[in-house]
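The structure appears right after this line, and notes come after that.
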Amino acid sequence: MGSPAPTVKSLNSIYSLNVEAQTQRYDRLSKKFADIYGTKPDFIARAPGRVNIIGEHIDYCGFPVFPMAIAPDTLIAVHANGTDRVRISNINTEKYPARDFRTADIFEIDSKVHEWSNYFKCGYRGLFEHIGRSDGKGFDALLDGTVPAGGGLSSSAAFVCTTQLAVQRVNDINLTQVELASIAAGAERYVGVNSGGMDQMASIMGQQGSALFIEFDPALKATPVKLPESNPPFVFVIANTLVVSDKHVTAPVCYNLRVVETRIGALILARHLGVADHRACKDADLLTFKVVMDEYFATQDTAGSDKVQVWINHLSAMLHASIEAFGAHPDGYTREQMAAALDMTPDALSAAVHEDRFPVCAQQFKLLQRAQHAFSEALRVVKFRQICESGDTRLNYCTALGDLMNCSQDSCRDLFECSCPEIDELCALARRAGSFGSRLTGAGWGGCTVHLVSQDKVESIKHVLVSEYYAKKFPNLSAAELDNALFATAPGCGACYFV
């Protein structure tokens, strides 16, 4: 059946850090709401951003990832107004002007227009289309968001998820968390975003003190994993490089190219392992490394075996198999070489991996390096979970988990080549200042970094990053801009209502 989004009455149930500052923020939101609409809000809907602790660029390979909900979030204060109009305002009125819609008009979304209210419309439309209705009730809403936009922390997912919570409560709808996450993931397509569901699952289903082990194949599934306790406690510092990669310009040589390389790698690996003719591989619209691995071990009897150890054994075997399959081309393949390996023409291969959806520009395709990253990164995700759940009091959790994060960054930099000099610099500075583990998070080529840090070293590490990175590269940052770029967070509560 699943659980609905919870309702809480104490901000201590939502935030583990800086509760006093959050209390003041909620009070300001309620006061501003009353100033605009002449009444107090009925409730405040809240959904957080997320940071992926480990597991980069492997979701589209079919492998699990390990995100957590963070403290920065989107809040929407709401009051049912008894009309057929939805009025939405934003705390930042200069950048995001107020909008007023008839409920029937919210279903119209022009994805070509970059308009902040389109994300609100996504959440609204996705919810009503799911339940097969179009008779929404009117309400007044005021939004306040603290998830930095464009930093890889899923500000858009937080916005859409919060909207869905607000809309369903006003309209007496009561969907489960899993349903909400699934609807939100699909709803972002209305603004041209294809989402696999990790961002929305982390935002909706996050739990204080826990990360989420999110699986995509054979079905979307989230398992809370409590992070181990240490003395002093550890937290995560998020540091934004403030480098923004223009995805429309760089996609053919960055993100899209990596997707295509892993797709073609899966096709060649399936043939190498003798499973290309298996129905699961033949019928797959887009074959992934995960499907290939599962088919190769499909006849293996794992009944009664430890599931985590099975993951480790299978992924380790695939690492070896990828060297056998791609090792003859350590510097990469040409299109012609890849097509020949599959007895295809280059045009047929391009069609097989839907290059029309992911246009690329490359002379060499580094299948060995991309496969090595995908399988080793999936292995690190599984080992991260294994350490968290081990209960081994002899283990230095911070060192063990930090080592996996550091190895992940090395792999992202050297094998997947999705890092950049600024990411490398922030990670090196943080490690020298005492971070146990530092890595990029999100797609890379800019965006944010995440650092596993002892709570008693947070301020000293932030000081080093400010003085050695931000002050030198971005000397004109305001205090507010710096707070958005650099902050500490612990695994937080997922989406909820505050009353």
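All residue names refer to the structure tokens as shown: chains lettered A, B, ... in order, residues numbered from 1 in each chain, ligands numbered from 1 in order.
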
Pull the closest atom pair for each residue of range 239-315 of chain A that gets at most 12 Å from range 450-465 of chain A, along with the distance in Å to one decimal, counting only C-alpha atoms, ordering rows by chain and then ascending residue number, as a tab-separated table.
residue	atom	partner	partner_atom	distance
A:Ala239	CA	A:Val450	CA	6.4
A:Asn240	CA	A:Val450	CA	8.7
A:Thr241	CA	A:Leu465	CA	10.4

Dump as a PDB file, in the first residue's frame, selection limited to N, CA and C atoms:
ATOM      1  N   ALA A 239      29.728  21.969  -1.479  1.00  0.00           N
ATOM      2  CA  ALA A 239      30.453  23.125  -2.000  1.00  0.00           C
ATOM      3  C   ALA A 239      30.227  23.216  -3.504  1.00  0.00           C
ATOM      4  N   ASN A 240      29.640  24.303  -3.928  1.00  0.00           N
ATOM      5  CA  ASN A 240      29.328  24.509  -5.337  1.00  0.00           C
ATOM      6  C   ASN A 240      30.528  25.160  -6.025  1.00  0.00           C
ATOM      7  N   THR A 241      30.975  24.574  -7.124  1.00  0.00           N
ATOM      8  CA  THR A 241      32.088  25.170  -7.858  1.00  0.00           C
ATOM      9  C   THR A 241      31.705  26.520  -8.467  1.00  0.00           C
TER      10      THR A 241
END

If we count only C-alpha atoms and set the cut-off at 12 Å, which residues sit around Glu129 in chain A, ignoring sequence neighbours fewer than 2 positions away in its own chain? Please answer as an MDAnalysis selection string.
chainID A and resid 106:107 121:127 131:136 164 183:184 186:187

Could you take the residues named above and write them with C-alpha atoms, as a PDB file, in the first residue's frame?
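The result, stored in selection36.pdb:
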ATOM      1  CA  ILE A 106      -2.944  25.292 -15.467  1.00  0.00           C
ATOM      2  CA  PHE A 107      -2.876  22.270 -17.758  1.00  0.00           C
ATOM      3  CA  LYS A 121       2.070  23.639 -13.495  1.00  0.00           C
ATOM      4  CA  CYS A 122       4.031  20.396 -13.944  1.00  0.00           C
ATOM      5  CA  GLY A 123       3.221  19.248 -10.438  1.00  0.00           C
ATOM      6  CA  TYR A 124      -0.423  20.288 -10.734  1.00  0.00           C
ATOM      7  CA  ARG A 125      -1.002  18.731 -14.151  1.00  0.00           C
ATOM      8  CA  GLY A 126       0.898  15.517 -13.384  1.00  0.00           C
ATOM      9  CA  LEU A 127      -1.175  14.885 -10.276  1.00  0.00           C
ATOM     10  CA  ILE A 131      -6.091  10.473 -11.066  1.00  0.00           C
ATOM     11  CA  GLY A 132      -8.038  11.256 -14.241  1.00  0.00           C
ATOM     12  CA  ARG A 133      -9.580  14.503 -13.048  1.00  0.00           C
ATOM     13  CA  SER A 134      -9.487  18.157 -14.094  1.00  0.00           C
ATOM     14  CA  ASP A 135     -11.710  19.750 -11.460  1.00  0.00           C
ATOM     15  CA  GLY A 136      -9.091  21.276  -9.176  1.00  0.00           C
ATOM     16  CA  GLN A 164       2.075  18.046  -5.693  1.00  0.00           C
ATOM     17  CA  ILE A 183       4.166  11.123 -10.795  1.00  0.00           C
ATOM     18  CA  ALA A 184       6.665  13.919 -10.137  1.00  0.00           C
ATOM     19  CA  GLY A 186       7.015  11.865 -15.138  1.00  0.00           C
ATOM     20  CA  ALA A 187       5.613  15.372 -14.751  1.00  0.00           C
TER      21      ALA A 187
END

Using the chain letters and numbers from this document, which residues of range 399-430 of chain A does DSSP assign to helix (DSSP H, G or I), as an MDAnalysis selection string?
chainID A and resid 399:414 421:430

Could you pull the residues within 6 Å of range 441-443 of chain A, counting only C-alpha atoms, minus those fewer than 3 positions along the same chain, as a PDB file with N, CA, C and O atoms, in the first residue's frame?
ATOM      1  N   ASN A  52      23.577  13.348  -4.186  1.00  0.00           N
ATOM      2  CA  ASN A  52      23.934  11.951  -4.398  1.00  0.00           C
ATOM      3  C   ASN A  52      25.273  11.704  -3.715  1.00  0.00           C
ATOM      4  O   ASN A  52      26.301  12.228  -4.157  1.00  0.00           O
ATOM      5  N   GLY A 152      23.056  21.013  -9.400  1.00  0.00           N
ATOM      6  CA  GLY A 152      22.996  19.559  -9.329  1.00  0.00           C
ATOM      7  C   GLY A 152      22.376  19.030  -8.060  1.00  0.00           C
ATOM      8  O   GLY A 152      22.582  17.866  -7.704  1.00  0.00           O
ATOM      9  N   CYS A 448      28.227  20.893  -8.147  1.00  0.00           N
ATOM     10  CA  CYS A 448      28.547  20.771  -6.731  1.00  0.00           C
ATOM     11  C   CYS A 448      29.494  19.615  -6.418  1.00  0.00           C
ATOM     12  O   CYS A 448      29.604  18.644  -7.172  1.00  0.00           O
ATOM     13  N   THR A 449      30.139  19.757  -5.260  1.00  0.00           N
ATOM     14  CA  THR A 449      30.939  18.695  -4.665  1.00  0.00           C
ATOM     15  C   THR A 449      30.351  18.366  -3.299  1.00  0.00           C
ATOM     16  O   THR A 449      29.686  19.204  -2.680  1.00  0.00           O
TER      17      THR A 449
END

Pick out the residues sitting within 9 Å of Arg370 in chain A, and hand them over as a PyMOL selection string; count only C-alpha atoms, and ignore anything fewer than 4 positions along from it in its own chain.
chain A and resi 258+261-262+265+366+374-375+415-417

A:Cys398, A:Met338, A:Val51, A:Val382: which is nearest Gln363 in chain A, counting only C-alpha atoms?
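Between A:Cys398, A:Met338, A:Val51, A:Val382, the residue approaching Gln363 in chain A most closely is A:Met338.
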
Exercise: Arg28 in chain A partners within 10 Å, only C-alpha atoms, chain neighbours under 6 positions left out, as a list in words
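That gives Gln22, Ala34 and Ile91 of chain A.
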
Ser89 in chain A: which residues within 8 Å, counting only C-alpha atoms, same-chain residues fewer than 3 positions away excluded, as a VMD selection string?
chain A and resid 93 96 to 99 141 to 143

Do you know which residues are at most 7 Å from range 349-362 of chain A counting only C-alpha atoms, after dropping those on the same chain fewer than 4 positions away, and could you put them as number ranges by chain?
A: 252-253, 256-257, 260, 263-264, 286, 339, 344-345

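Of the residues listed (A:Gly55, A:Leu29, A:Lys307, A:Met68), A:Leu29 shows the shortest atom-to-atom separation from Asn92 in chain A; distances use only C-alpha atoms.
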
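Computed from the coordinates, the CA of Ala181 in chain A to CA of Leu153 in chain A distance equals 16.2 Å.
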
Would you mind writing down, as a list in words, each residue of range 238-420 of chain A that DSSP on the backbone assigns to strand (DSSP E or B)?
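The strand (DSSP E or B) residues within range 238-420 of chain A come out as Ile238, Ala239, Asn240, Tyr333 and Phe365 of chain A.
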
Please determine, counting only C-alpha atoms, which residue among A:Asn313, A:Thr162, A:Ser10, A:Gln372 has the shortest atom-to-atom distance to Phe326 in chain A.
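Counting only C-alpha atoms, the residue closest to Phe326 in chain A is A:Gln372.
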
Find the residue from A:His130, A:Lys31, A:Pro218, A:Phe159 that sits nearest to Arg46 in chain A; use only C-alpha atoms when measuring.
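Looking at the shortest contact to Arg46 in chain A, the residue is A:Phe159.
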
Expressed in Å to a single decimal, how great is the separation between CA of Ile323 in chain A and CA of Asp410 in chain A?
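Taking CA of Ile323 in chain A as the start and CA of Asp410 in chain A as the end point, the length is 18.5 Å.
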
Mind pulling up the distance from CA of Ala328 in chain A to CA of Val275 in chain A?
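Value for the CA of Val275 in chain A-CA of Ala328 in chain A distance: 20.5 Å.
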
Select, from A:Glu188, A:Asp217, A:Asp140, A:Glu20, the residue with the minimum atom-to-atom distance to Ser154 in chain A, counting only C-alpha atoms.
A:Glu188

Which residue of A:Val167, A:Val291, A:Ala211, A:Ile76 approaches Ala490 in chain A most closely, using only C-alpha atoms
A:Ala211
